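Student: Please find start.txt (compact mmCIF, C-alpha atoms and all ligand atoms) on the next line:
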```txt
# COMPACT_ATOMS: atom_id res chain seq x y z
CA MET D 1 0.72 -86.82 138.05
CA VAL D 2 -2.37 -87.77 136.09
CA GLY D 3 -3.62 -85.79 133.11
CA ARG D 4 -6.54 -86.40 130.81
CA PHE D 5 -8.33 -85.45 127.63
CA ALA D 6 -12.11 -85.44 127.90
CA PRO D 7 -13.74 -84.81 124.52
CA SER D 8 -17.50 -84.67 124.07
CA PRO D 9 -18.45 -86.83 121.10
CA THR D 10 -20.50 -84.06 119.53
CA GLY D 11 -18.18 -83.61 116.56
CA HIS D 12 -14.92 -84.78 115.02
CA LEU D 13 -11.47 -84.01 116.41
CA HIS D 14 -10.52 -80.71 114.74
CA LEU D 15 -7.44 -78.54 115.01
CA GLY D 16 -8.78 -76.79 118.14
CA SER D 17 -9.49 -80.01 119.99
CA LEU D 18 -6.18 -81.51 118.81
CA LEU D 19 -4.50 -78.63 120.63
CA ALA D 20 -6.19 -79.66 123.91
CA ALA D 21 -5.43 -83.35 123.34
CA LEU D 22 -1.79 -82.68 122.48
CA GLY D 23 -1.27 -80.13 125.26
CA SER D 24 -2.63 -82.44 127.95
CA PHE D 25 -0.71 -85.40 126.52
CA LEU D 26 2.64 -83.59 126.41
CA ASP D 27 2.11 -82.06 129.84
CA ALA D 28 1.51 -85.51 131.36
CA ARG D 29 4.30 -87.22 129.45
CA HIS D 30 6.79 -84.45 130.28
CA ALA D 31 6.11 -85.05 133.97
CA GLY D 32 6.35 -88.83 133.56
CA GLY D 33 2.66 -89.01 134.45
CA ARG D 34 -0.32 -90.97 133.19
CA TRP D 35 -2.62 -89.66 130.47
CA LEU D 36 -6.26 -90.75 130.42
CA VAL D 37 -9.01 -90.37 127.86
CA ARG D 38 -12.64 -90.03 128.90
CA LEU D 39 -15.58 -89.55 126.58
CA ASP D 40 -17.88 -86.90 128.02
CA ASP D 41 -21.07 -88.43 126.71
CA LEU D 42 -23.69 -87.55 129.33
CA ASP D 43 -25.50 -85.15 127.06
CA ARG D 44 -26.90 -88.02 125.03
CA PRO D 45 -29.09 -86.01 122.69
CA ARG D 46 -25.97 -84.17 121.43
CA CYS D 47 -23.54 -87.13 121.37
CA ARG D 48 -23.09 -89.57 118.50
CA GLU D 49 -21.33 -92.93 118.54
CA ALA D 50 -19.89 -92.15 115.11
CA TYR D 51 -18.15 -89.06 116.55
CA ALA D 52 -16.79 -91.09 119.47
CA ALA D 53 -15.30 -93.58 117.00
CA SER D 54 -13.94 -90.81 114.81
CA ILE D 55 -12.28 -89.00 117.76
CA LEU D 56 -10.67 -92.21 119.02
CA ALA D 57 -9.41 -93.10 115.55
CA ALA D 58 -7.96 -89.59 115.17
CA LEU D 59 -6.19 -89.75 118.55
CA SER D 60 -4.70 -93.06 117.56
CA ALA D 61 -3.60 -91.80 114.11
CA HIS D 62 -1.89 -88.87 115.85
CA GLY D 63 -0.02 -91.21 118.19
CA LEU D 64 -1.85 -90.00 121.29
CA LYS D 65 -2.05 -93.28 123.19
CA HIS D 66 -3.79 -93.18 126.53
CA ASP D 67 -3.00 -95.17 129.64
CA GLY D 68 -5.56 -97.39 131.28
CA PRO D 69 -8.98 -98.17 129.87
CA LEU D 70 -10.99 -95.66 127.90
CA THR D 71 -13.79 -94.40 130.14
CA ARG D 72 -17.17 -92.89 129.39
CA GLN D 73 -19.31 -90.79 131.67
CA THR D 74 -22.24 -93.04 130.91
CA ASP D 75 -20.30 -96.03 132.37
CA ASP D 76 -21.38 -95.27 135.91
CA PRO D 77 -24.39 -93.06 136.63
CA TYR D 78 -24.25 -93.99 140.32
CA ARG D 79 -21.26 -91.82 141.04
CA TYR D 80 -23.27 -88.72 140.13
CA ALA D 81 -26.18 -89.91 142.25
CA ALA D 82 -23.74 -90.33 145.15
CA ALA D 83 -22.42 -86.78 144.65
CA LEU D 84 -25.97 -85.41 144.57
CA ALA D 85 -26.67 -87.30 147.80
CA VAL D 86 -23.69 -85.60 149.47
CA LEU D 87 -24.90 -82.18 148.35
CA GLU D 88 -28.42 -83.03 149.52
CA ALA D 89 -27.16 -84.21 152.92
CA ARG D 90 -25.40 -80.86 153.28
CA GLY D 91 -28.65 -79.05 152.59
CA LEU D 92 -27.28 -77.44 149.45
CA LEU D 93 -29.75 -78.63 146.80
CA PHE D 94 -32.85 -76.80 145.71
CA THR D 95 -35.17 -77.08 142.73
CA CYS D 96 -35.41 -74.17 140.34
CA ASP D 97 -37.99 -73.74 137.62
CA CYS D 98 -36.75 -70.43 136.22
CA SER D 99 -36.65 -70.63 132.45
CA ARG D 100 -33.45 -69.87 130.61
CA ARG D 101 -35.16 -66.84 129.16
CA GLU D 102 -36.16 -65.45 132.57
CA ILE D 103 -32.67 -66.00 133.92
CA ALA D 104 -31.01 -64.48 130.89
CA ALA D 105 -33.29 -61.43 131.07
CA ALA D 106 -32.66 -60.94 134.78
CA ALA D 107 -28.92 -61.52 134.39
CA THR D 108 -28.44 -58.98 131.61
CA GLY D 109 -25.77 -56.57 132.67
CA LEU D 110 -24.61 -58.66 135.64
CA ALA D 111 -20.89 -59.28 135.68
CA GLY D 112 -19.69 -62.87 135.58
CA ALA D 113 -23.01 -64.22 134.39
CA THR D 114 -21.49 -67.04 132.34
CA GLU D 115 -23.39 -69.55 134.50
CA PRO D 116 -26.37 -67.45 135.49
CA CYS D 117 -27.72 -68.03 138.99
CA CYS D 118 -31.29 -68.49 139.96
CA LEU D 119 -32.49 -64.94 140.34
CA ARG D 120 -35.99 -65.59 141.65
CA ASP D 121 -37.10 -67.03 144.97
CA CYS D 122 -36.79 -70.76 144.14
CA ARG D 123 -34.65 -71.39 147.24
CA THR D 124 -37.52 -70.53 149.54
CA ARG D 125 -40.44 -71.21 147.21
CA ARG D 126 -39.25 -74.78 146.54
CA PRO D 127 -40.92 -75.51 143.19
CA PRO D 128 -41.96 -79.13 142.60
CA ALA D 129 -39.26 -81.46 141.31
CA THR D 130 -41.03 -82.14 138.04
CA ASP D 131 -39.81 -80.10 135.14
CA ALA D 132 -37.33 -78.20 137.30
CA ALA D 133 -33.58 -78.09 137.41
CA LEU D 134 -31.66 -79.03 140.54
CA ARG D 135 -29.25 -76.38 141.74
CA ALA D 136 -26.53 -76.39 144.37
CA ASP D 137 -26.56 -73.37 146.66
CA LEU D 138 -22.93 -72.29 146.92
CA SER D 139 -23.51 -69.08 148.84
CA GLY D 140 -22.34 -70.50 152.16
CA LEU D 141 -18.94 -71.60 150.83
CA ARG D 142 -15.71 -69.75 151.40
CA PRO D 143 -14.13 -67.70 148.60
CA VAL D 144 -11.38 -69.52 146.71
CA THR D 145 -8.57 -68.30 144.49
CA ALA D 146 -6.73 -70.85 142.40
CA LEU D 147 -3.89 -70.15 140.05
CA ASP D 148 -4.21 -71.29 136.46
CA ARG D 149 -0.70 -72.24 135.32
CA SER D 150 -1.04 -70.04 132.24
CA LEU D 151 -3.78 -67.51 132.74
CA GLY D 152 -3.42 -66.55 136.41
CA GLY D 153 -6.04 -66.25 139.15
CA ILE D 154 -9.37 -68.05 139.04
CA ARG D 155 -11.61 -66.65 141.75
CA PHE D 156 -14.71 -68.21 143.19
CA ASP D 157 -16.77 -65.64 145.02
CA PRO D 158 -19.86 -67.18 146.66
CA ALA D 159 -21.56 -63.79 146.88
CA GLN D 160 -21.35 -63.41 143.12
CA HIS D 161 -21.65 -66.97 141.86
CA ARG D 162 -24.30 -68.09 144.38
CA ASP D 163 -25.54 -71.32 142.81
CA ILE D 164 -25.27 -73.60 139.80
CA VAL D 165 -27.38 -76.19 138.00
CA VAL D 166 -26.16 -79.68 138.91
CA ARG D 167 -28.98 -81.62 137.23
CA ARG D 168 -30.67 -80.11 134.28
CA ARG D 169 -34.39 -79.84 133.78
CA ASP D 170 -34.20 -82.80 131.36
CA GLY D 171 -32.62 -84.95 134.08
CA ILE D 172 -29.10 -84.90 132.62
CA ILE D 173 -26.28 -84.29 135.12
CA ALA D 174 -24.75 -80.88 134.40
CA TYR D 175 -21.22 -80.72 133.02
CA ALA D 176 -19.80 -78.80 136.01
CA LEU D 177 -20.79 -81.50 138.49
CA ALA D 178 -19.87 -84.37 136.17
CA VAL D 179 -16.37 -83.06 135.43
CA VAL D 180 -15.60 -82.55 139.11
CA VAL D 181 -16.80 -86.01 140.05
CA ASP D 182 -15.15 -87.74 137.07
CA ASP D 183 -11.74 -86.12 137.51
CA ALA D 184 -11.73 -86.90 141.24
CA GLU D 185 -12.82 -90.49 140.60
CA ALA D 186 -9.96 -91.01 138.12
CA GLY D 187 -7.40 -89.32 140.38
CA VAL D 188 -6.70 -86.56 137.85
CA THR D 189 -4.16 -84.12 139.28
CA ASP D 190 -3.73 -81.84 136.26
CA VAL D 191 -6.48 -80.57 134.01
CA VAL D 192 -5.13 -79.17 130.74
CA ARG D 193 -7.91 -77.97 128.42
CA GLY D 194 -9.05 -75.16 126.16
CA GLY D 195 -9.33 -71.66 127.56
CA ASP D 196 -13.00 -71.60 126.53
CA LEU D 197 -13.58 -73.65 129.70
CA LEU D 198 -11.88 -71.15 132.01
CA ALA D 199 -15.03 -69.13 132.67
CA GLY D 200 -16.85 -72.13 134.15
CA THR D 201 -13.96 -73.14 136.38
CA PRO D 202 -14.90 -71.08 139.49
CA TRP D 203 -18.06 -73.14 139.93
CA GLN D 204 -16.04 -76.32 139.63
CA LEU D 205 -13.73 -75.11 142.41
CA ALA D 206 -16.84 -74.47 144.50
CA LEU D 207 -18.22 -77.93 143.82
CA HIS D 208 -14.89 -79.45 144.87
CA GLN D 209 -15.25 -77.58 148.12
CA ALA D 210 -18.89 -78.58 148.58
CA LEU D 211 -18.02 -82.24 147.97
CA ASP D 212 -14.81 -82.14 150.04
CA LEU D 213 -12.65 -83.03 147.03
CA GLU D 214 -9.12 -81.84 146.35
CA PRO D 215 -9.19 -79.68 143.19
CA PRO D 216 -6.72 -80.46 140.38
CA ARG D 217 -4.19 -77.96 139.04
CA TYR D 218 -5.44 -76.14 135.94
CA LEU D 219 -3.74 -75.16 132.71
CA HIS D 220 -6.05 -73.48 130.21
CA LEU D 221 -4.58 -73.41 126.71
CA PRO D 222 -5.10 -70.56 124.26
CA VAL D 223 -8.31 -70.84 122.25
CA LEU D 224 -8.01 -71.14 118.51
CA ALA D 225 -9.72 -68.24 116.73
CA GLU D 226 -10.30 -67.07 113.18
CA PRO D 227 -7.77 -64.59 111.70
CA ASP D 228 -10.07 -61.69 112.66
CA GLY D 229 -10.36 -62.88 116.28
CA THR D 230 -13.87 -64.31 116.00
CA LYS D 231 -14.71 -67.78 117.32
CA LEU D 232 -13.36 -70.67 115.23
CA ALA D 233 -15.88 -71.06 112.41
CA LYS D 234 -18.32 -73.92 112.60
CA SER D 235 -17.15 -75.09 109.18
CA ARG D 236 -13.62 -75.52 110.56
CA ARG D 237 -14.85 -77.27 113.70
CA ALA D 238 -16.93 -79.62 111.59
CA VAL D 239 -13.99 -80.87 109.51
CA ALA D 240 -12.28 -84.00 110.79
CA LEU D 241 -8.49 -83.90 110.77
CA ASP D 242 -6.97 -85.95 107.99
CA PRO D 243 -5.31 -88.98 109.67
CA ASP D 244 -2.88 -89.23 106.74
CA ALA D 245 -1.64 -85.74 107.58
CA ALA D 246 -1.08 -86.54 111.26
CA ALA D 247 2.58 -85.43 111.30
CA ASP D 248 1.65 -82.12 109.63
CA ASN D 249 -1.28 -81.58 111.99
CA LEU D 250 0.95 -82.19 115.01
CA THR D 251 3.59 -79.87 113.57
CA GLN D 252 0.97 -77.16 113.15
CA ALA D 253 -0.39 -77.67 116.68
CA LEU D 254 3.11 -77.57 118.20
CA GLY D 255 3.82 -74.37 116.31
CA MET D 256 0.64 -72.82 117.70
CA LEU D 257 1.74 -73.69 121.21
CA ARG D 258 5.14 -72.14 120.42
CA GLN D 259 6.92 -75.47 120.94
CA PRO D 260 9.98 -76.52 118.93
CA VAL D 261 9.15 -79.01 116.18
CA PRO D 262 11.28 -82.15 116.58
CA GLU D 263 13.30 -83.41 113.61
CA ALA D 264 11.64 -86.82 113.92
CA LEU D 265 8.23 -85.26 113.31
CA ARG D 266 9.53 -83.50 110.22
CA ARG D 267 10.52 -86.95 108.96
CA GLY D 268 7.00 -88.19 109.69
CA GLU D 269 8.00 -90.31 112.70
CA ILE D 270 5.08 -89.67 115.01
CA ALA D 271 5.96 -91.68 118.13
CA ALA D 272 9.55 -90.43 118.20
CA GLY D 273 8.38 -86.91 117.41
CA LEU D 274 5.91 -86.92 120.31
CA ALA D 275 8.53 -88.31 122.70
CA ALA D 276 10.91 -85.49 121.75
CA ALA D 277 8.13 -82.88 122.00
CA ALA D 278 7.26 -84.18 125.49
CA ALA D 279 10.88 -83.93 126.58
CA HIS D 280 10.99 -80.28 125.48
CA TRP D 281 7.48 -79.32 126.63
CA ASP D 282 7.49 -75.84 128.11
CA ILE D 283 4.42 -73.77 128.90
CA ALA D 284 6.32 -70.47 129.22
CA PRO D 285 6.14 -69.55 125.50
CA PHE D 286 2.32 -69.49 125.52
CA SER D 287 1.69 -68.53 129.13
CA GLY D 288 -0.79 -65.72 129.47
CA MET D 289 -2.04 -66.16 125.89
CA ALA D 290 -5.82 -66.38 125.78
CA GLU D 291 -6.13 -67.01 122.06
CA ILE D 292 -4.24 -68.01 118.95
CA ARG D 293 -5.47 -66.61 115.66
CA LEU D 294 -5.20 -68.78 112.60
CA PRO D 295 -3.08 -67.21 109.88
CA GLY D 296 -5.22 -65.22 107.43
N1 LIG J 1 -16.03 -82.43 127.45
C1 LIG J 1 -15.66 -81.04 127.47
C2 LIG J 1 -15.61 -80.51 126.05
O1 LIG J 1 -15.40 -81.27 125.13
C3 LIG J 1 -14.30 -80.81 128.06
C4 LIG J 1 -14.24 -81.17 129.49
C5 LIG J 1 -12.97 -80.73 130.16
O2 LIG J 1 -11.90 -80.79 129.55
O3 LIG J 1 -13.07 -80.36 131.31
O4 LIG J 1 -15.77 -79.31 125.87
```
Any chance you could put this one into structure tokens?
Ligand code: GLU
Tutor:
Amino acid sequence: MVGRFAPSPTGHLHLGSLLAALGSFLDARHAGGRWLVRLDDLDRPRCREAYAASILAALSAHGLKHDGPLTRQTDDPYRYAAALAVLEARGLLFTCDCSRREIAAAATGLAGATEPCCLRDCRTRRPPATDAALRADLSGLRPVTALDRSLGGIRFDPAQHRDIVVRRRDGIIAYALAVVVDDAEAGVTDVVRGGDLLAGTPWQLALHQALDLEPPRYLHLPVLAEPDGTKLAKSRRAVALDPDAAADNLTQALGMLRQPVPEALRRGEIAAGLAAAAAHWDIAPFSGMAEIRLPG
């Protein structure tokens, strides 16, 4: 069993991302598995080295020690080129120069448009490669249903989902392709992450199929929300967790995931507290929960 935490260094570790880090850590440790950390830093314009350092320091202060070397997506661009070559050899790639605005306008009212498809005739028109995104045509794949361990069925329907950007117009490899390739490369068997990433998962299942890769098991954790149910405020996401309050932060995160809080953690013993929390890890208390509202 191999789990992982894959933060994007676009901000500090906050309470919401601590939940994902802790959940994936405890899930791996409970199963006696390995837990990896990868910095998802392909989107260079949005990533900052200072955030990477801050996230790693916060993980360490919270006792979340990873196995093996820290990896970064930017370590090895060739693996994405190799994946694109496989998709190309299968005749699945096409260039698309639809603008976001055109796609958004055409997709208005379409169900499941979280990753809008190309809605014009780019497949047959074949726009030039310059200033165009590269998409994978998924329409010939078979439908897939996977079971999220908490939230139930994740369906990939090729008739609905059709295609996805695999290399953005600016040349950056798209997250969906990168995450599939990275997890497979590292031998990740269990992806535990925030439920905000559930909606994009069908396309990842499709890319596994297109690349002949075994998909991991998924566990999407409840998303942290404001007391009124709105998205966690930017101001809260922008605040780094206080490393001196690590035991309290972990206590709070365990409470949110409806896990018992070990005595050791109450005494401020982080390593012993995490070991006890891993021994008692149980996903049943939060299964089916899509969100957790912060107390008002
Ligand atoms: N890097 C992504 C993020 O920080 C998470 C990737 C994943 O867990 O699949 O939102």
Student: Report the distance between atom CA of Gly68 of chain D and atom CA of Leu56 of chain D in Å, rounded to one decimal place.
Tutor: 14.3 Å
Student: Residues at most 7 Å from ligand LIG 1 (chain J), using all atoms listed in the file? Could they come as a PyMOL selection string?
Tutor: chain D and resi 5-8+40+179+193+197
Student: Output as CSV one row per residue of segment 5-69 of chain D within 12 Å of segment 159-171 of chain D: the closest atom pair and its distance in Å to one decimal place, counting all atoms listed in the file, sorted by chain and residue number ascending.
Tutor:
```
residue,atom,partner,partner_atom,distance
D:Leu42,CA,D:Gly171,CA,10.4
D:Asp43,CA,D:Asp170,CA,10.0
D:Arg44,CA,D:Asp170,CA,11.0
D:Pro45,CA,D:Asp170,CA,10.6
```
Student: For Gly32 of chain D, please output as a PyMOL selection string all residues within 12 Å (counting all atoms listed in the file; exclusion window: fewer than 6 positions along the same chain).
Tutor: chain D and resi 1-3+25-26+67+275+278-279+281
Student: Got time to write the residues from that selection, C-alpha atoms, as an mmCIF file, in the coordinates of the input?
Tutor:
```cif
data_model
loop_
_atom_site.group_PDB
_atom_site.id
_atom_site.type_symbol
_atom_site.label_atom_id
_atom_site.label_comp_id
_atom_site.auth_asym_id
_atom_site.auth_seq_id
_atom_site.Cartn_x
_atom_site.Cartn_y
_atom_site.Cartn_z
ATOM 1 C CA MET D 1 0.720 -86.820 138.050
ATOM 2 C CA VAL D 2 -2.370 -87.770 136.090
ATOM 3 C CA GLY D 3 -3.620 -85.790 133.110
ATOM 4 C CA PHE D 25 -0.710 -85.400 126.520
ATOM 5 C CA LEU D 26 2.640 -83.590 126.410
ATOM 6 C CA ASP D 67 -3.000 -95.170 129.640
ATOM 7 C CA ALA D 275 8.530 -88.310 122.700
ATOM 8 C CA ALA D 278 7.260 -84.180 125.490
ATOM 9 C CA ALA D 279 10.880 -83.930 126.580
ATOM 10 C CA TRP D 281 7.480 -79.320 126.630
#
```
Student: Provide the atom CA of Asp148 of chain D to atom CA of Ala253 of chain D distance in Å, to one decimal place.
Tutor: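 Atom CA of Asp148 of chain D sits 21.1 Å away from atom CA of Ala253 of chain D.
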Student: What is the distance between atom CA of Ala206 of chain D and atom CA of Ile103 of chain D, in Å to one decimal?
Tutor: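 Value for the atom CA of Ala206 of chain D-atom CA of Ile103 of chain D distance: 20.8 Å.
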Student: Grab segment 4-15 of chain D from that structure and dump C-alpha atoms to a file, as a compact mmCIF listing (two decimals), in the first residue's frame.
Tutor:
```txt
# COMPACT_ATOMS: atom_id res chain seq x y z
CA ARG D 4 0.82 10.19 -0.87
CA PHE D 5 0.24 13.86 -0.25
CA ALA D 6 0.72 16.07 -3.30
CA PRO D 7 0.44 19.75 -2.41
CA SER D 8 0.82 22.50 -4.98
CA PRO D 9 3.20 25.13 -3.62
CA THR D 10 0.80 27.94 -4.37
CA GLY D 11 0.15 28.79 -0.73
CA HIS D 12 0.94 27.75 2.83
CA LEU D 13 -0.34 24.58 4.50
CA HIS D 14 -3.67 25.63 6.05
CA LEU D 15 -6.23 23.71 8.04
```
